[in-house]
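Structure first, commentary second.
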Amino acid sequence: MKRSNFLICLFGTYSAILLFATLISLSIIFIKLEKPTEKIVETVVETDYIYVYKEASSVKTEASSEKEEEFFLIAREYEHKIGIFDADDKLIKIIDVNTATLPEADRKLLRTGIKLYSRAELNSLIEDYSD
């Protein structure tokens, strides 16, 4: 009888140690997995300006500046869309964007007109409003 009690006690002790080791291992895994997530804060700033950034490759040289000065367009609201006008105030392109869906700051700029001095600025404006 003593031998069977010893085996039961040994088996119980082994089971308790195995259960304890499993619980410790699981606790360590969960602690490592539960990293605090960083809270992302998004800030939206409204402005009355549209910033056009030029790449270093678009810096004018003296020869190219004469060509660029010839290129002059104005983007403004035209029949609730964005119209692109040349220097003679002739409509040359309509961007199919409903201006009523634009932010108030952009609508205000389009009412007064946005001057474009290069094809890159025109392409940037079309890309910005076509998205």
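Residues in the structure tokens are named by chain (A, B, ... in the order shown) and by number from 1 within that chain; ligands are numbered from 1 in the order shown.
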Check your understanding: Can you tell me, as a PyMOL selection string, what residues are no more than 9 Å from stretch 107-109 of chain A when counting only C-alpha atoms, ignoring any on the same chain fewer than 2 positions away?
Key -> chain A and resi 48-50+76-77+99-100+102-105+111-114
Review point. Within 12 Å of A:Ile92, counting only C-alpha atoms, which residues qualify if same-chain residues fewer than 3 places away don't, as a ChimeraX atom specification?
Key: /A:73-76,78,82-89,95
Just to be explicit: take each residue in the selection above, keep N, CA, C and O atoms, and write the result as an mmCIF file, in the first residue's frame.
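So result-v3.cif came out as:
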```cif
data_model
loop_
_atom_site.group_PDB
_atom_site.id
_atom_site.type_symbol
_atom_site.label_atom_id
_atom_site.label_comp_id
_atom_site.auth_asym_id
_atom_site.auth_seq_id
_atom_site.Cartn_x
_atom_site.Cartn_y
_atom_site.Cartn_z
ATOM 1 N N LEU A 73 -1.366 79.684 -67.097
ATOM 2 C CA LEU A 73 -2.760 79.254 -67.087
ATOM 3 C C LEU A 73 -3.399 79.673 -65.780
ATOM 4 O O LEU A 73 -2.716 79.942 -64.787
ATOM 5 N N ILE A 74 -4.714 79.711 -65.773
ATOM 6 C CA ILE A 74 -5.473 79.994 -64.556
ATOM 7 C C ILE A 74 -6.515 78.896 -64.399
ATOM 8 O O ILE A 74 -7.242 78.574 -65.339
ATOM 9 N N ALA A 75 -6.564 78.336 -63.209
ATOM 10 C CA ALA A 75 -7.595 77.349 -62.884
ATOM 11 C C ALA A 75 -8.640 78.056 -62.025
ATOM 12 O O ALA A 75 -8.300 78.692 -61.029
ATOM 13 N N ARG A 76 -9.907 77.964 -62.447
ATOM 14 C CA ARG A 76 -10.969 78.571 -61.644
ATOM 15 C C ARG A 76 -12.271 77.821 -61.872
ATOM 16 O O ARG A 76 -12.383 77.007 -62.790
ATOM 17 N N TYR A 78 -15.778 76.809 -63.077
ATOM 18 C CA TYR A 78 -16.488 77.033 -64.326
ATOM 19 C C TYR A 78 -17.649 76.041 -64.380
ATOM 20 O O TYR A 78 -17.436 74.829 -64.454
ATOM 21 N N ILE A 82 -13.986 72.496 -62.556
ATOM 22 C CA ILE A 82 -12.743 73.267 -62.557
ATOM 23 C C ILE A 82 -12.353 73.511 -64.008
ATOM 24 O O ILE A 82 -12.131 72.562 -64.772
ATOM 25 N N GLY A 83 -12.300 74.764 -64.394
ATOM 26 C CA GLY A 83 -11.912 75.131 -65.747
ATOM 27 C C GLY A 83 -10.478 75.615 -65.774
ATOM 28 O O GLY A 83 -10.034 76.310 -64.873
ATOM 29 N N ILE A 84 -9.767 75.237 -66.821
ATOM 30 C CA ILE A 84 -8.394 75.695 -67.028
ATOM 31 C C ILE A 84 -8.434 76.685 -68.196
ATOM 32 O O ILE A 84 -8.866 76.349 -69.292
ATOM 33 N N PHE A 85 -7.990 77.914 -67.935
ATOM 34 C CA PHE A 85 -8.039 78.992 -68.919
ATOM 35 C C PHE A 85 -6.632 79.427 -69.278
ATOM 36 O O PHE A 85 -5.741 79.423 -68.424
ATOM 37 N N ASP A 86 -6.446 79.839 -70.537
ATOM 38 C CA ASP A 86 -5.132 80.339 -70.944
ATOM 39 C C ASP A 86 -5.032 81.829 -70.619
ATOM 40 O O ASP A 86 -5.938 82.417 -70.024
ATOM 41 N N ALA A 87 -3.927 82.433 -71.015
ATOM 42 C CA ALA A 87 -3.673 83.846 -70.700
ATOM 43 C C ALA A 87 -4.694 84.773 -71.349
ATOM 44 O O ALA A 87 -4.945 85.868 -70.852
ATOM 45 N N ASP A 88 -5.321 84.325 -72.451
ATOM 46 C CA ASP A 88 -6.342 85.128 -73.136
ATOM 47 C C ASP A 88 -7.742 84.856 -72.599
ATOM 48 O O ASP A 88 -8.727 85.233 -73.212
ATOM 49 N N ASP A 89 -7.828 84.158 -71.470
ATOM 50 C CA ASP A 89 -9.087 83.811 -70.817
ATOM 51 C C ASP A 89 -9.959 82.888 -71.684
ATOM 52 O O ASP A 89 -11.176 82.937 -71.641
ATOM 53 N N ILE A 95 -11.803 70.080 -65.819
ATOM 54 C CA ILE A 95 -11.539 68.936 -64.947
ATOM 55 C C ILE A 95 -12.878 68.545 -64.342
ATOM 56 O O ILE A 95 -13.529 69.352 -63.680
#
```
